[in-house]
Structures are given as structure tokens and as C-alpha cells.
file input_17.tsv (TSV, C-alpha atoms)
chain	number	residue	atom	x	y	z
A	61	MET	CA	73.25	29.63	-132.08
A	62	ARG	CA	69.51	29.97	-131.59
A	63	TRP	CA	67.45	28.46	-128.81
A	64	THR	CA	63.98	26.95	-128.44
A	65	ALA	CA	61.50	28.19	-125.84
A	66	GLY	CA	62.71	25.32	-123.67
A	67	CYS	CA	66.30	26.65	-123.89
A	68	ARG	CA	67.50	23.85	-126.18
A	69	PRO	CA	69.98	24.76	-128.95
A	70	MET	CA	68.55	24.82	-132.47
A	71	LEU	CA	70.52	23.61	-135.49
A	72	THR	CA	71.17	26.55	-137.82
A	73	ALA	CA	73.31	27.25	-140.87
A	74	PRO	CA	74.33	30.40	-142.79
A	75	VAL	CA	72.24	30.57	-145.95
A	76	ASN	CA	73.22	32.99	-148.71
A	77	LYS	CA	70.10	32.54	-150.81
A	78	ILE	CA	67.42	30.08	-151.86
A	79	ILE	CA	66.36	29.83	-155.50
A	80	PRO	CA	62.86	28.28	-155.57
A	81	PHE	CA	63.05	27.00	-159.15
A	82	SER	CA	66.22	25.97	-160.98
A	83	ASN	CA	66.61	23.66	-163.97
A	84	VAL	CA	70.43	23.67	-164.04
A	85	ASP	CA	71.16	22.05	-160.67
A	86	GLY	CA	70.30	18.44	-161.31
A	87	PRO	CA	67.42	16.53	-162.90
A	88	GLY	CA	64.08	18.28	-163.22
A	89	ASN	CA	63.01	21.49	-161.58
A	90	ARG	CA	64.70	21.94	-158.19
A	91	THR	CA	64.97	24.31	-155.26
A	92	SER	CA	68.63	25.31	-154.84
A	93	ILE	CA	69.94	26.29	-151.41
A	94	PHE	CA	73.22	28.21	-151.32
A	95	PHE	CA	75.13	28.03	-148.04
A	96	GLN	CA	77.73	30.60	-147.01
A	97	GLY	CA	81.40	29.75	-146.61
A	98	CYS	CA	83.94	28.03	-148.84
A	99	PRO	CA	87.50	26.73	-148.20
A	100	PHE	CA	88.47	27.41	-151.83
A	101	ASN	CA	89.21	30.75	-153.45
A	102	CYS	CA	88.79	29.95	-157.13
A	103	LEU	CA	90.05	32.66	-159.45
A	104	PHE	CA	87.07	32.10	-161.74
A	105	CYS	CA	84.39	32.03	-159.01
A	106	HIS	CA	81.10	33.50	-160.23
A	107	ASN	CA	79.62	33.94	-156.75
A	108	PRO	CA	82.59	35.07	-154.60
A	109	GLU	CA	80.20	36.72	-152.16
A	110	THR	CA	79.58	33.22	-150.76
A	111	ILE	CA	83.21	32.60	-149.72
A	112	HIS	CA	83.46	34.41	-146.36
A	113	LEU	CA	81.17	35.53	-143.58
A	114	CYS	CA	80.50	39.26	-143.18
A	115	ARG	CA	83.17	41.10	-141.16
A	116	ASN	CA	80.82	44.02	-140.37
A	117	CYS	CA	83.22	46.53	-141.88
A	118	GLY	CA	80.29	48.72	-142.96
A	119	ALA	CA	81.43	49.36	-146.54
A	120	CYS	CA	78.14	48.03	-147.89
A	121	VAL	CA	76.10	50.18	-145.52
A	122	ARG	CA	77.63	53.34	-146.93
A	123	THR	CA	76.93	52.37	-150.54
A	124	CYS	CA	73.44	50.83	-150.35
A	125	PRO	CA	71.27	53.10	-152.56
A	126	VAL	CA	67.98	52.34	-150.78
A	127	GLY	CA	68.99	52.24	-147.11
A	128	ALA	CA	68.38	48.50	-146.73
A	129	LEU	CA	71.55	48.11	-144.66
A	130	SER	CA	72.44	49.56	-141.27
A	131	GLN	CA	74.77	48.91	-138.34
A	132	ASP	CA	73.76	48.25	-134.75
A	133	ALA	CA	75.42	50.00	-131.84
A	134	ASP	CA	77.90	47.13	-131.65
A	135	GLY	CA	78.72	47.49	-135.34
A	136	THR	CA	76.83	44.43	-136.61
A	137	VAL	CA	75.47	44.95	-140.12
A	138	GLN	CA	71.72	44.43	-140.42
A	139	TRP	CA	69.82	43.76	-143.65
A	140	ASP	CA	66.22	44.87	-144.14
A	141	ALA	CA	64.82	42.56	-146.82
A	142	SER	CA	61.66	44.67	-147.16
A	143	LYS	CA	63.72	47.61	-148.45
A	144	CYS	CA	66.18	45.62	-150.56
A	145	VAL	CA	65.83	45.90	-154.37
A	146	GLN	CA	68.42	43.16	-155.07
A	147	CYS	CA	70.72	45.52	-156.97
A	148	ASP	CA	73.79	43.69	-155.58
A	149	THR	CA	75.62	46.95	-154.86
A	150	CYS	CA	76.53	45.53	-151.46
A	151	ILE	CA	78.29	42.44	-152.75
A	152	LYS	CA	80.05	44.43	-155.46
A	153	THR	CA	81.26	46.84	-152.80
A	154	CYS	CA	82.33	44.25	-150.22
A	155	PRO	CA	86.15	44.01	-150.00
A	156	HIS	CA	86.01	40.66	-148.20
A	157	ASP	CA	84.10	38.37	-150.64
A	158	ALA	CA	81.10	38.24	-148.35
A	159	SER	CA	77.46	39.32	-148.24
A	160	PRO	CA	75.45	41.21	-145.62
A	161	LYS	CA	72.31	39.32	-146.69
A	162	VAL	CA	73.25	35.94	-145.21
A	163	ARG	CA	70.60	34.50	-142.89
A	164	GLN	CA	71.15	32.04	-140.05
A	165	LEU	CA	68.26	29.66	-140.70
A	166	THR	CA	66.96	26.54	-139.01
A	167	VAL	CA	66.11	23.40	-140.98
A	168	GLU	CA	62.44	24.17	-140.45
A	169	GLU	CA	62.85	27.67	-141.90
A	170	VAL	CA	64.58	26.33	-144.99
A	171	MET	CA	61.92	23.65	-145.38
A	172	ARG	CA	59.23	26.30	-145.15
A	173	GLU	CA	60.59	27.81	-148.36
A	174	VAL	CA	61.02	24.39	-149.97
A	175	LYS	CA	57.40	23.50	-149.20
A	176	ARG	CA	56.15	26.58	-151.07
A	177	ALA	CA	57.73	25.21	-154.23
A	178	ALA	CA	57.12	21.53	-153.44
A	179	PRO	CA	54.25	20.90	-155.91
A	180	TYR	CA	56.45	22.08	-158.79
A	181	ILE	CA	59.88	20.58	-158.03
A	182	ARG	CA	61.46	17.13	-158.20
A	183	GLY	CA	63.90	17.81	-155.40
A	184	ILE	CA	66.43	20.07	-153.75
A	185	THR	CA	70.10	20.76	-154.42
A	186	THR	CA	72.45	22.18	-151.80
A	187	SER	CA	75.27	24.39	-153.02
A	188	GLY	CA	77.34	27.35	-151.92
A	189	GLY	CA	79.91	28.33	-151.01
A	190	GLU	CA	80.52	24.75	-149.98
A	191	CYS	CA	77.48	23.10	-148.47
A	192	THR	CA	79.40	20.15	-146.98
A	193	GLN	CA	80.70	22.51	-144.30
A	194	GLN	CA	77.17	22.18	-142.88
A	195	ASN	CA	76.84	18.38	-142.88
A	196	GLU	CA	74.84	18.02	-139.66
A	197	PHE	CA	72.36	20.51	-141.08
A	198	LEU	CA	72.25	18.73	-144.45
A	199	ILE	CA	71.48	15.38	-142.88
A	200	GLU	CA	68.39	16.71	-141.10
A	201	LEU	CA	67.37	18.82	-144.11
A	202	PHE	CA	67.55	15.83	-146.46
A	203	LYS	CA	65.52	13.66	-144.11
A	204	GLN	CA	62.75	16.23	-144.09
A	205	ALA	CA	62.92	16.71	-147.87
A	206	HIS	CA	62.66	12.95	-148.39
A	207	ALA	CA	59.58	12.95	-146.18
A	208	LEU	CA	58.01	15.17	-148.86
A	209	GLY	CA	59.02	12.71	-151.55
A	210	LYS	CA	61.81	14.94	-152.90
A	211	THR	CA	65.27	13.91	-154.05
A	212	CYS	CA	68.39	15.52	-152.57
A	213	LEU	CA	71.62	16.34	-154.40
A	214	ILE	CA	74.90	17.84	-153.17
A	215	ASP	CA	76.79	20.35	-155.30
A	216	SER	CA	80.36	20.11	-153.98
A	217	ASN	CA	83.85	21.36	-154.76
A	218	GLY	CA	85.20	18.09	-153.34
A	219	SER	CA	87.01	19.58	-150.34
A	220	PHE	CA	85.11	17.35	-147.89
A	221	ASP	CA	86.30	13.73	-147.62
A	222	PHE	CA	83.04	11.84	-148.08
A	223	GLU	CA	84.64	8.50	-147.18
A	224	LYS	CA	85.53	9.68	-143.68
A	225	ASP	CA	81.93	10.58	-142.87
A	226	PRO	CA	79.49	8.92	-145.29
A	227	ARG	CA	76.37	9.83	-143.31
A	228	VAL	CA	75.34	12.65	-145.64
A	229	LEU	CA	75.58	10.31	-148.65
A	230	GLU	CA	73.25	7.87	-146.93
A	231	VAL	CA	70.45	10.44	-147.06
A	232	SER	CA	71.17	11.91	-150.50
A	233	GLU	CA	70.78	10.69	-154.06
A	234	GLY	CA	74.24	11.80	-155.14
A	235	VAL	CA	76.91	14.44	-155.65
A	236	MET	CA	77.69	16.87	-158.44
A	237	LEU	CA	81.47	17.14	-158.11
A	238	ASP	CA	83.80	19.82	-159.44
A	239	VAL	CA	87.11	18.56	-160.78
A	240	LYS	CA	88.70	21.87	-161.64
A	241	ALA	CA	92.21	20.75	-162.60
A	242	VAL	CA	94.41	17.67	-162.45
A	243	GLU	CA	97.88	19.12	-163.03
A	244	PRO	CA	99.04	20.19	-159.52
A	245	GLY	CA	100.55	23.54	-160.50
A	246	TRP	CA	97.52	24.64	-162.51
A	247	ASN	CA	95.17	23.38	-159.79
A	248	ASP	CA	97.01	25.31	-157.07
A	249	ARG	CA	96.99	28.47	-159.15
A	250	LEU	CA	93.27	28.17	-159.86
A	251	ILE	CA	91.88	27.36	-156.42
A	252	SER	CA	94.65	27.80	-153.80
A	253	HIS	CA	93.85	24.36	-152.38
A	254	PRO	CA	95.35	20.88	-152.90
A	255	ARG	CA	93.59	18.59	-155.38
A	256	ASP	CA	94.13	15.33	-153.45
A	257	THR	CA	90.79	15.13	-151.65
A	258	VAL	CA	88.90	16.05	-154.83
A	259	LEU	CA	90.45	13.21	-156.81
A	260	LYS	CA	89.95	10.80	-153.91
A	261	ASN	CA	86.27	11.76	-153.84
A	262	LEU	CA	86.01	11.14	-157.58
A	263	ASP	CA	87.01	7.51	-157.12
A	264	TYR	CA	85.07	6.98	-153.90
A	265	LEU	CA	81.79	8.44	-155.14
A	266	LEU	CA	82.01	6.33	-158.30
A	267	ARG	CA	82.68	3.22	-156.24
A	268	VAL	CA	79.66	3.71	-153.99
A	269	GLY	CA	77.35	4.79	-156.81
A	270	LYS	CA	76.82	8.34	-155.57
A	271	LEU	CA	78.43	10.38	-158.36
A	272	TYR	CA	75.68	12.07	-160.35
A	273	GLU	CA	77.84	14.48	-162.35
A	274	VAL	CA	81.39	15.78	-162.73
A	275	ARG	CA	82.02	19.35	-163.90
A	276	THR	CA	85.14	20.88	-165.41
A	277	ILE	CA	85.63	24.42	-166.68
A	278	LEU	CA	87.51	24.78	-169.98
A	279	PHE	CA	89.73	27.85	-170.20
A	280	PRO	CA	90.76	29.55	-173.46
A	281	GLY	CA	94.43	29.20	-174.28
A	282	ARG	CA	94.96	26.37	-171.79
A	283	ASP	CA	95.02	23.46	-174.20
A	284	GLN	CA	97.38	21.22	-172.25
A	285	GLU	CA	95.73	21.81	-168.86
A	286	ASN	CA	92.22	21.34	-170.29
A	287	GLU	CA	93.17	18.13	-172.07
A	288	GLU	CA	94.91	16.64	-169.05
A	289	THR	CA	91.87	17.19	-166.85
A	290	VAL	CA	89.37	15.92	-169.43
A	291	ARG	CA	91.43	12.81	-170.15
A	292	TYR	CA	91.81	12.02	-166.45
A	293	VAL	CA	88.13	12.46	-165.59
A	294	ALA	CA	86.78	10.72	-168.70
A	295	ALA	CA	89.04	7.69	-168.20
A	296	HIS	CA	87.81	7.40	-164.60
A	297	ILE	CA	84.09	7.91	-164.98
A	298	ARG	CA	83.50	6.38	-168.45
A	299	ASP	CA	79.70	5.99	-168.63
A	300	GLY	CA	79.29	6.11	-164.86
A	301	CYS	CA	77.82	9.61	-164.69
A	302	PHE	CA	77.30	12.85	-166.59
A	303	TYR	CA	80.33	14.94	-167.47
A	304	LYS	CA	79.53	18.64	-167.83
A	305	LEU	CA	82.20	20.67	-169.63
A	306	ILE	CA	81.65	24.35	-168.88
A	307	ARG	CA	82.88	27.12	-171.16
A	308	TYR	CA	84.72	29.77	-169.16
A	309	ARG	CA	82.90	33.09	-169.20
A	310	PRO	CA	84.48	36.17	-167.58
A	311	PHE	CA	81.13	37.76	-166.69
A	312	GLY	CA	80.77	37.77	-162.90
A	313	VAL	CA	84.43	36.92	-162.26
A	314	ARG	CA	86.18	39.31	-159.90
A	315	GLU	CA	87.85	42.03	-161.94
A	316	ARG	CA	91.24	41.51	-160.32
A	317	TYR	CA	91.29	37.93	-161.63
A	318	GLN	CA	89.84	38.49	-165.09
A	319	LYS	CA	93.22	39.68	-166.34
A	320	LEU	CA	94.89	36.50	-165.10
A	321	LEU	CA	92.38	34.20	-166.76
A	322	GLY	CA	91.65	36.26	-169.84
A	323	GLU	CA	88.70	38.36	-170.86
A	324	ASP	CA	87.43	36.04	-173.62
A	325	GLU	CA	84.86	33.28	-173.45
A	326	THR	CA	85.88	29.75	-174.31
A	327	ASP	CA	84.94	29.10	-177.94
A	328	ALA	CA	81.97	26.75	-178.35
A	329	GLU	CA	83.56	24.58	-181.04
A	330	TYR	CA	86.79	24.39	-179.04
A	331	ALA	CA	84.80	23.08	-176.07
A	332	GLU	CA	82.92	20.59	-178.25
A	333	GLY	CA	86.28	19.13	-179.27
A	334	PHE	CA	86.94	18.22	-175.66
A	335	ALA	CA	83.46	16.73	-175.31
A	336	ARG	CA	84.20	14.50	-178.31
A	337	LEU	CA	87.50	13.50	-176.70
A	338	ALA	CA	85.73	12.61	-173.45
A	339	ARG	CA	83.18	10.48	-175.31
A	340	GLU	CA	85.96	8.71	-177.23
A	341	LEU	CA	87.51	7.82	-173.87
A	342	GLY	CA	84.24	6.28	-172.68
A	343	ALA	CA	82.50	9.21	-170.96
A	344	GLU	CA	79.45	8.88	-173.18
A	345	LYS	CA	77.42	11.42	-171.19
A	346	ALA	CA	79.86	14.31	-171.77
A	347	TYR	CA	78.29	17.56	-172.92
A	348	VAL	CA	79.09	21.28	-173.14
A	349	VAL	CA	77.31	24.22	-171.55
call {"tool": "encode", "arguments": {"input": "input_17.tsv", "output": "C-alpha cells"}}
result
Amino acid sequence: MRWTAGCRPMLTAPVNKIIPFSNVDGPGNRTSIFFQGCPFNCLFCHNPETIHLCRNCGACVRTCPVGALSQDADGTVQWDASKCVQCDTCIKTCPHDASPKVRQLTVEEVMREVKRAAPYIRGITTSGGECTQQNEFLIELFKQAHALGKTCLIDSNGSFDFEKDPRVLEVSEGVMLDVKAVEPGWNDRLISHPRDTVLKNLDYLLRVGKLYEVRTILFPGRDQENEETVRYVAAHIRDGCFYKLIRYRPFGVRERYQKLLGEDETDAEYAEGFARLARELGAEKAYVV
């Protein structure tokens, strides 16, 4: 918690990083804000350093090659951005799927970075981690972004029940929703979290017109599981939104999980077959990346 000069609490959130310009996080050029913390633990996660908050164990301090990390007398890890060369040794070293570079920022501090890119972007996209763990922050952030004439999208794993608290949808243009798996056993193995809320969100977001895109990762050698998920999603969304089918790529996946998922990329033609299936089922905006 941070405080104003008048001793009033300031709204803050843990921010892992801000990418000023991204063309893969929604329509047009966008500023992407990655929040720290996620209730899932996906085996295939490509940014596992966003899952947990730093435990101040000090492992990263001992391995930083440029001395950008240190520990206070109370053991708290401190990051000196002016020394950091972004080599990512710290997040590769961390045994807790965290990062020492997370900043507790106010809405105004995030907007300061958004405003630098404002002339060149269409909007902002909030991601993570799981950004919906910071809904109060998102609501205020989106209001200020809209005041600049920018659109606001939510990149979500679907763990938050949007129907129970629709306030964040009221100030955003829509949601990019992950539907990772439909078959319960495969889903539980992949993400260690029930699928129920995700599938409920799929229907609810469609119903209220706030589903911008659904994303599913296609895994090599998992024909039945891939097909079941694609059939389910395509039959639900039809032409209601984009359907992004993502080829699994082991690069960036934690080494201890690569062996479980395989060390091969999903074949491009194999993935295109599922895109054709989705389009046949009515999801006309299905495509492969």
C-alpha cells in the first residue's frame, strides 16, 4: 500500500512489465500491461515468472551478472533498473516462478507510460499473470485510457467469473479468453485448475457481446484432446468472434515440463486442419499462429 501526502491510500497493483508497442494483443498497435500473479500453473506457460510474487529467497541476487539486484537488511530483494541489462538470468534462476523486477505501480504511473506511446497506439491490453486479479485497478485504468480515446482489452485465462462482477466489462471493449482444454482430465493435467468458470465465461461473454477472441493451444500427438476442444469452442462461438489456434512451441516452457508435453512444435499443416474444422463448424474467423 502506498499513501498520498494527505495520508490517503493509493490504489496500486504489481506490474511485471509494460510493452509500449505490441501488434499481437488485439487490433492495431497496443500497449500491453502484464500484471503479476496467476491462479493457474499451466504446464506450457511461456512466462512462468508472472505466476507468483517474489519470496525474497535471494537466489537471483547471487546470480545477477551485473549487480542489478541486492537485498536490504530485512532481506527484501531490490532491483536497480539502471544497472539491469535484461538478460533474464534472474527469472531463469528463480525457483519460485517469480520475478524480482515487479513494480508496485499506481494507475497514474502506468498511464504515464501509456501516454508516451499514445500517439502511436489504438489502445491498451491488460495481461499477466492474470490481470483480473486486479479488477479495481483495471476499472480506474480503463477509465483513464478511455479519456485518451484508447480502447481497452482484457487478456484472461477465464478464472474470474465476469458475470458475478461485470463492472470491468462495462469499461472495456472486450475479452481475449483462453479455452485451454474441454476434456476434464486433460484440462486438470494442463493447468491444475477446474475448467468450469472458463466455460461459463465463454457463454456469458458471447451473450453480452464482450468476447473479442478465444485462444486454444494445439499440442502435437493430442489429436483427440485438440479436436474435442476445437469442436466445443467452434460450435459455441460460430462467427461471434475470432478463434486463434496456437501451435505449441516448447521454447520458453519450463524445462521440467517440456518432457511431459514433448519437445516438438505443432506441425503447421496439422494445425491448419483444425482451423478448417473450426470454420466448417461455423467459426469463420478461425486462424492459426
call {"tool": "closest_residue", "arguments": {"input": "input_17.tsv", "among": "A:Pro108, A:Pro87, A:Pro69, A:Gly342", "to": "Glu190 (chain A)", "atoms": "only C-alpha atoms"}}
result
A:Pro108
call {"tool": "atom_distance", "arguments": {"input": "input_17.tsv", "atom1": "CA of His112 (chain A)", "atom2": "CA of Asn217 (chain A)"}}
result
15.5 Å
call {"tool": "residues_around", "arguments": {"input": "input_17.tsv", "residues": "Leu262 (chain A)", "least_positions_apart": "6", "cutoff": "10 Å", "atoms": "only C-alpha atoms", "output": "list in words"}}
result
Gly218, Phe222, Val235, Leu237, Asp238, Val239, Lys270, Leu271, Val274, Val293, His296 and Ile297 of chain A
call {"tool": "residues_around", "arguments": {"input": "input_17.tsv", "residues": "Thr289 (chain A)", "least_positions_apart": "3", "cutoff": "8 Å", "atoms": "all atoms listed in the file", "output": "list in words"}}
result
Val239, Lys240, Ala241, Val242, Glu243, Thr276, Glu285, Asn286, Tyr292 and Val293 of chain A
call {"tool": "residues_around", "arguments": {"input": "input_17.tsv", "residues": "Asn83 (chain A)", "least_positions_apart": "5", "cutoff": "12 Å", "atoms": "only C-alpha atoms", "output": "PDB file with C-alpha atoms, in the frame of the given file"}}
result
ATOM      1  CA  GLY A  88      64.080  18.280-163.220  1.00  0.00           C
ATOM      2  CA  ASN A  89      63.010  21.490-161.580  1.00  0.00           C
ATOM      3  CA  ARG A  90      64.700  21.940-158.190  1.00  0.00           C
ATOM      4  CA  THR A  91      64.970  24.310-155.260  1.00  0.00           C
ATOM      5  CA  SER A  92      68.630  25.310-154.840  1.00  0.00           C
ATOM      6  CA  TYR A 180      56.450  22.080-158.790  1.00  0.00           C
ATOM      7  CA  ILE A 181      59.880  20.580-158.030  1.00  0.00           C
ATOM      8  CA  ARG A 182      61.460  17.130-158.200  1.00  0.00           C
ATOM      9  CA  GLY A 183      63.900  17.810-155.400  1.00  0.00           C
ATOM     10  CA  ILE A 184      66.430  20.070-153.750  1.00  0.00           C
ATOM     11  CA  THR A 185      70.100  20.760-154.420  1.00  0.00           C
TER      12      THR A 185
END
call {"tool": "atom_distance", "arguments": {"input": "input_17.tsv", "atom1": "CA of Glu329 (chain A)", "atom2": "CA of Phe302 (chain A)"}}
result
19.6 Å
call {"tool": "closest_residue", "arguments": {"input": "input_17.tsv", "among": "A:Met171, A:Ala158, A:Ala133, A:Leu259", "to": "Ile93 (chain A)", "atoms": "all atoms listed in the file"}}
result
A:Met171
call {"tool": "atom_distance", "arguments": {"input": "input_17.tsv", "atom1": "CA of Gln194 (chain A)", "atom2": "CA of Leu229 (chain A)"}}
result
13.3 Å
call {"tool": "closest_residue", "arguments": {"input": "input_17.tsv", "among": "A:Gln204, A:Asn261, A:Thr123, A:Thr149", "to": "Pro226 (chain A)", "atoms": "all atoms listed in the file"}}
result
A:Asn261
call {"tool": "closest_residue", "arguments": {"input": "input_17.tsv", "among": "A:Gln318, A:Phe197, A:Ala178, A:Trp139", "to": "Thr211 (chain A)", "atoms": "only C-alpha atoms"}}
result
A:Ala178
call {"tool": "residues_around", "arguments": {"input": "input_17.tsv", "residues": "Arg282 (chain A)", "least_positions_apart": "3", "cutoff": "12 Å", "atoms": "all atoms listed in the file", "output": "number ranges by chain"}}
result
A: 241, 243, 246, 277-279, 285-289, 308, 321-322, 326, 330-331
call {"tool": "residues_around", "arguments": {"input": "input_17.tsv", "residues": "Lys152 (chain A)", "least_positions_apart": "4", "cutoff": "9 Å", "atoms": "all atoms listed in the file", "output": "ChimeraX atom specification"}}
result
/A:109,120,148,157
call {"tool": "closest_residue", "arguments": {"input": "input_17.tsv", "among": "A:Cys150, A:Leu103, A:Cys212, A:Leu337", "to": "Ala119 (chain A)", "atoms": "only C-alpha atoms"}}
result
A:Cys150
call {"tool": "axis_aligned_box", "arguments": {"input": "input_17.tsv", "around": "region 214-223 of chain A", "padding_each_side": "5 Å", "output": "JSON"}}
result
{"center_x": 81.0, "center_y": 14.9, "center_z": -151.2, "size_x": 22.1, "size_y": 22.9, "size_z": 18.1}
call {"tool": "closest_residue", "arguments": {"input": "input_17.tsv", "among": "A:Cys105, A:Gly86, A:Arg255, A:Gly97", "to": "Arg309 (chain A)", "atoms": "all atoms listed in the file"}}
result
A:Cys105
call {"tool": "decode", "arguments": {"input": "input_17.tsv", "residues": "region 79-159 of chain A", "atoms": "C-alpha atoms", "output": "compact mmCIF listing (two decimals), in the first residue's frame"}}
result
# COMPACT_ATOMS: atom_id res chain seq x y z
CA ILE A 79 5.41 -3.39 -23.57
CA PRO A 80 4.86 0.00 -25.27
CA PHE A 81 4.11 -1.39 -28.73
CA SER A 82 2.56 -4.78 -29.48
CA ASN A 83 0.69 -5.93 -32.58
CA VAL A 84 -0.29 -9.38 -31.26
CA ASP A 85 -2.52 -8.36 -28.34
CA GLY A 86 -5.64 -7.19 -30.09
CA PRO A 87 -6.48 -4.91 -33.01
CA GLY A 88 -3.89 -2.37 -34.09
CA ASN A 89 -0.79 -1.33 -32.24
CA ARG A 90 -1.30 -1.56 -28.47
CA THR A 91 0.47 -1.04 -25.16
CA SER A 92 0.41 -4.33 -23.22
CA ILE A 93 0.50 -4.28 -19.43
CA PHE A 94 1.45 -7.54 -17.70
CA PHE A 95 0.30 -7.88 -14.10
CA GLN A 96 1.93 -10.25 -11.62
CA GLY A 97 0.10 -13.22 -10.13
CA CYS A 98 -1.88 -16.09 -11.64
CA PRO A 99 -4.14 -18.77 -10.08
CA PHE A 100 -3.23 -21.25 -12.85
CA ASN A 101 0.01 -23.18 -13.24
CA CYS A 102 -0.12 -24.15 -16.91
CA LEU A 103 2.48 -26.72 -17.90
CA PHE A 104 3.06 -24.88 -21.18
CA CYS A 105 3.30 -21.36 -19.70
CA HIS A 106 5.74 -19.17 -21.64
CA ASN A 107 6.04 -16.52 -18.94
CA PRO A 108 6.03 -18.51 -15.66
CA GLU A 109 7.88 -15.68 -13.93
CA THR A 110 4.49 -13.92 -13.71
CA ILE A 111 2.80 -16.63 -11.62
CA HIS A 112 3.96 -15.82 -8.06
CA LEU A 113 5.24 -12.84 -6.12
CA CYS A 114 8.91 -12.77 -5.12
CA ARG A 115 9.67 -14.67 -1.90
CA ASN A 116 12.95 -12.78 -1.34
CA CYS A 117 14.94 -16.01 -1.23
CA GLY A 118 17.96 -14.23 -2.76
CA ALA A 119 18.80 -16.82 -5.42
CA CYS A 120 18.58 -14.18 -8.14
CA VAL A 121 20.82 -11.78 -6.23
CA ARG A 122 23.63 -14.31 -6.20
CA THR A 123 23.42 -14.97 -9.95
CA CYS A 124 22.84 -11.48 -11.40
CA PRO A 125 25.89 -10.86 -13.63
CA VAL A 126 25.77 -7.05 -13.40
CA GLY A 127 24.88 -6.44 -9.74
CA ALA A 128 21.42 -5.06 -10.51
CA LEU A 129 19.91 -6.98 -7.59
CA SER A 130 20.57 -6.67 -3.86
CA GLN A 131 18.91 -7.44 -0.54
CA ASP A 132 18.02 -4.96 2.18
CA ALA A 133 18.84 -5.58 5.83
CA ASP A 134 15.42 -7.20 6.21
CA GLY A 135 16.09 -9.50 3.26
CA THR A 136 13.85 -7.76 0.71
CA VAL A 137 15.21 -8.07 -2.83
CA GLN A 138 15.74 -4.73 -4.57
CA TRP A 139 16.07 -4.22 -8.33
CA ASP A 140 18.14 -1.40 -9.81
CA ALA A 141 16.69 -0.82 -13.28
CA SER A 142 19.58 1.48 -14.23
CA LYS A 143 22.04 -1.43 -13.95
CA CYS A 144 19.80 -4.12 -15.44
CA VAL A 145 20.71 -5.41 -18.93
CA GLN A 146 17.52 -7.51 -19.28
CA CYS A 147 19.45 -10.77 -19.61
CA ASP A 148 16.69 -12.62 -17.68
CA THR A 149 19.23 -14.57 -15.59
CA CYS A 150 17.14 -13.73 -12.53
CA ILE A 151 13.91 -15.26 -13.79
CA LYS A 152 15.74 -18.31 -15.13
CA THR A 153 17.34 -18.75 -11.72
CA CYS A 154 14.21 -18.18 -9.62
CA PRO A 155 12.96 -21.47 -8.10
CA HIS A 156 9.53 -20.00 -7.33
CA ASP A 157 8.20 -18.86 -10.75
CA ALA A 158 8.53 -15.21 -9.80
CA SER A 159 10.49 -12.11 -10.76
